[in-house]
Amino acid sequence: MLVRLIYASRSSGPITDEVIEAVLDKSRNSNPDAGITGVLCVCQGGVFMQVLEGGREEVNLLYGKVLRDARHTHVTLLEYAELTERRFSSWRMGRVDVNKLNAGIILKYSEKPQLDPFQIPGGVALGFLEELMNTASIVG
């Protein structure tokens, strides 16, 4: 059974391009074997939002690792849904730097021009991620 999980978290330490690339490299190397696809969004203030899609057991196991990972704090589940098909199947793990997006895209889904995923419902987070996919904002 396919599922989608969207969560937000705060970094417990400084976020550098090297840290982000290390996370993405590990994801891109291990996710294909687990059948997991998704997108990582880097937001202002060391905040992350990530969507994971794949088999229920594999996604749950990976989310459990995130919950135990000392690099994350305030891990918050935004959405968990059973799927008939993936929405983010093109990315082993895509990346979006939300800070580099046009503020108009963010303002469609957020009260302020800085996205705070902790303040939006899961359905809004999904809509935002789909907008990024449709506007080719995901690098990957």
# chains A, B, ... in the order shown; residues from 1 in each chain; ligands from 1
call {"tool": "select_by_dssp", "arguments": {"residues": "chain A", "states": "alpha helix (DSSP H)", "output": "compact mmCIF listing (two decimals) with N, CA and C atoms, in the first residue's frame"}}
result
# COMPACT_ATOMS: atom_id res chain seq x y z
N ASP A 17 24.99 24.50 3.17
CA ASP A 17 24.78 23.76 1.93
C ASP A 17 25.39 22.37 2.01
N GLU A 18 26.51 22.24 2.70
CA GLU A 18 27.16 20.94 2.85
C GLU A 18 26.29 19.97 3.64
N VAL A 19 25.67 20.45 4.70
CA VAL A 19 24.78 19.61 5.50
C VAL A 19 23.59 19.15 4.65
N ILE A 20 23.00 20.06 3.93
CA ILE A 20 21.84 19.72 3.09
C ILE A 20 22.24 18.73 2.01
N GLU A 21 23.36 18.96 1.36
CA GLU A 21 23.81 18.04 0.31
C GLU A 21 24.11 16.66 0.86
N ALA A 22 24.67 16.58 2.07
CA ALA A 22 24.94 15.28 2.69
C ALA A 22 23.63 14.52 2.95
N VAL A 23 22.62 15.23 3.43
CA VAL A 23 21.31 14.59 3.66
C VAL A 23 20.71 14.12 2.34
N LEU A 24 20.77 14.98 1.34
CA LEU A 24 20.21 14.61 0.03
C LEU A 24 20.96 13.45 -0.60
N ASP A 25 22.29 13.45 -0.51
CA ASP A 25 23.07 12.34 -1.07
C ASP A 25 22.70 11.02 -0.42
N LYS A 26 22.59 11.03 0.90
CA LYS A 26 22.21 9.80 1.60
C LYS A 26 20.82 9.35 1.16
N SER A 27 19.89 10.29 1.09
CA SER A 27 18.52 9.96 0.67
C SER A 27 18.50 9.41 -0.75
N ARG A 28 19.20 10.07 -1.63
CA ARG A 28 19.19 9.66 -3.04
C ARG A 28 19.86 8.30 -3.25
N ASN A 29 20.75 7.94 -2.34
CA ASN A 29 21.40 6.62 -2.45
C ASN A 29 20.59 5.50 -1.82
N SER A 30 19.88 5.80 -0.73
CA SER A 30 19.16 4.73 -0.03
C SER A 30 17.68 4.65 -0.39
N ASN A 31 17.07 5.76 -0.78
CA ASN A 31 15.63 5.76 -1.06
C ASN A 31 15.20 4.87 -2.21
N PRO A 32 15.96 4.81 -3.32
CA PRO A 32 15.49 3.95 -4.42
C PRO A 32 15.32 2.49 -4.02
N ASP A 33 16.23 1.96 -3.22
CA ASP A 33 16.11 0.57 -2.78
C ASP A 33 14.89 0.36 -1.90
N ALA A 34 14.50 1.39 -1.15
CA ALA A 34 13.32 1.30 -0.28
C ALA A 34 12.04 1.70 -1.02
N ARG A 56 3.90 1.70 2.89
CA ARG A 56 3.60 2.13 4.26
C ARG A 56 4.72 1.77 5.23
N GLU A 57 5.18 0.53 5.19
CA GLU A 57 6.21 0.11 6.14
C GLU A 57 7.51 0.90 5.94
N GLU A 58 7.92 1.09 4.69
CA GLU A 58 9.17 1.80 4.42
C GLU A 58 9.09 3.27 4.83
N VAL A 59 7.98 3.91 4.53
CA VAL A 59 7.81 5.33 4.92
C VAL A 59 7.76 5.45 6.44
N ASN A 60 7.04 4.55 7.09
CA ASN A 60 6.97 4.60 8.55
C ASN A 60 8.34 4.39 9.19
N LEU A 61 9.12 3.46 8.66
CA LEU A 61 10.46 3.21 9.19
C LEU A 61 11.35 4.44 9.02
N LEU A 62 11.27 5.07 7.85
CA LEU A 62 12.09 6.26 7.61
C LEU A 62 11.65 7.41 8.51
N TYR A 63 10.36 7.59 8.69
CA TYR A 63 9.88 8.64 9.58
C TYR A 63 10.33 8.38 11.02
N GLY A 64 10.34 7.13 11.43
CA GLY A 64 10.85 6.78 12.75
C GLY A 64 12.31 7.19 12.92
N LYS A 65 13.10 7.02 11.85
CA LYS A 65 14.50 7.45 11.90
C LYS A 65 14.60 8.96 12.05
N VAL A 66 13.74 9.68 11.33
CA VAL A 66 13.73 11.14 11.44
C VAL A 66 13.41 11.55 12.87
N LEU A 67 12.42 10.91 13.47
CA LEU A 67 12.04 11.25 14.85
C LEU A 67 13.19 11.04 15.83
N ARG A 68 14.04 10.04 15.57
CA ARG A 68 15.16 9.75 16.46
C ARG A 68 16.45 10.49 16.08
N ALA A 103 8.04 35.42 -3.84
CA ALA A 103 7.15 35.58 -2.67
C ALA A 103 5.69 35.36 -3.04
N GLY A 104 5.31 35.60 -4.29
CA GLY A 104 3.93 35.39 -4.71
C GLY A 104 3.49 33.95 -4.58
N ILE A 105 4.39 33.02 -4.85
CA ILE A 105 4.05 31.60 -4.69
C ILE A 105 3.81 31.30 -3.22
N ILE A 106 4.68 31.78 -2.37
CA ILE A 106 4.55 31.51 -0.93
C ILE A 106 3.27 32.14 -0.38
N LEU A 107 2.97 33.37 -0.81
CA LEU A 107 1.80 34.07 -0.29
C LEU A 107 0.48 33.41 -0.68
N GLY A 122 -1.95 20.26 6.63
CA GLY A 122 -1.33 19.31 5.72
C GLY A 122 -1.79 19.45 4.28
N GLY A 123 -3.08 19.71 4.08
CA GLY A 123 -3.60 19.88 2.72
C GLY A 123 -3.00 21.10 2.03
N VAL A 124 -2.77 22.16 2.80
CA VAL A 124 -2.13 23.35 2.25
C VAL A 124 -0.67 23.05 1.92
N ALA A 125 0.00 22.31 2.79
CA ALA A 125 1.39 21.91 2.51
C ALA A 125 1.46 21.11 1.21
N LEU A 126 0.53 20.19 1.03
CA LEU A 126 0.50 19.41 -0.20
C LEU A 126 0.25 20.31 -1.41
N GLY A 127 -0.68 21.24 -1.31
CA GLY A 127 -0.94 22.17 -2.41
C GLY A 127 0.30 22.98 -2.75
N PHE A 128 1.01 23.43 -1.73
CA PHE A 128 2.25 24.19 -1.94
C PHE A 128 3.28 23.33 -2.68
N LEU A 129 3.45 22.10 -2.23
CA LEU A 129 4.42 21.20 -2.87
C LEU A 129 4.04 20.90 -4.32
N GLU A 130 2.75 20.74 -4.57
CA GLU A 130 2.30 20.50 -5.94
C GLU A 130 2.55 21.74 -6.81
N GLU A 131 2.35 22.92 -6.24
CA GLU A 131 2.64 24.16 -6.97
C GLU A 131 4.12 24.21 -7.35
N LEU A 132 4.98 23.82 -6.42
CA LEU A 132 6.42 23.81 -6.70
C LEU A 132 6.73 22.83 -7.83
N MET A 133 6.06 21.70 -7.82
CA MET A 133 6.27 20.72 -8.87
C MET A 133 5.80 21.29 -10.22
N ASN A 134 4.64 21.91 -10.23
CA ASN A 134 4.06 22.44 -11.48
C ASN A 134 4.83 23.63 -12.03
call {"tool": "residues_around", "arguments": {"residues": "segment 35-43 of chain A", "least_positions_apart": "5", "cutoff": "7 Å", "atoms": "only C-alpha atoms", "output": "JSON, numbers by chain"}}
result
{"A": [48, 49, 50, 51, 52, 53, 54, 88, 89, 91, 92, 93, 94, 95, 96, 97, 98, 99, 115]}
call {"tool": "atom_distance", "arguments": {"atom1": "atom CA of Val75 of chain A", "atom2": "atom CA of Ala8 of chain A"}}
result
5.7 Å
call {"tool": "select_by_dssp", "arguments": {"residues": "chain A", "states": "strand (DSSP E or B)", "output": "PyMOL selection string"}}
result
chain A and resi 2-11+37-43+47-55+72-83+94-97+139
call {"tool": "closest_residue", "arguments": {"among": "A:Thr135, A:Leu101, A:Ile120, A:Gly46", "to": "Ile6 of chain A", "atoms": "only C-alpha atoms"}}
result
A:Ile120
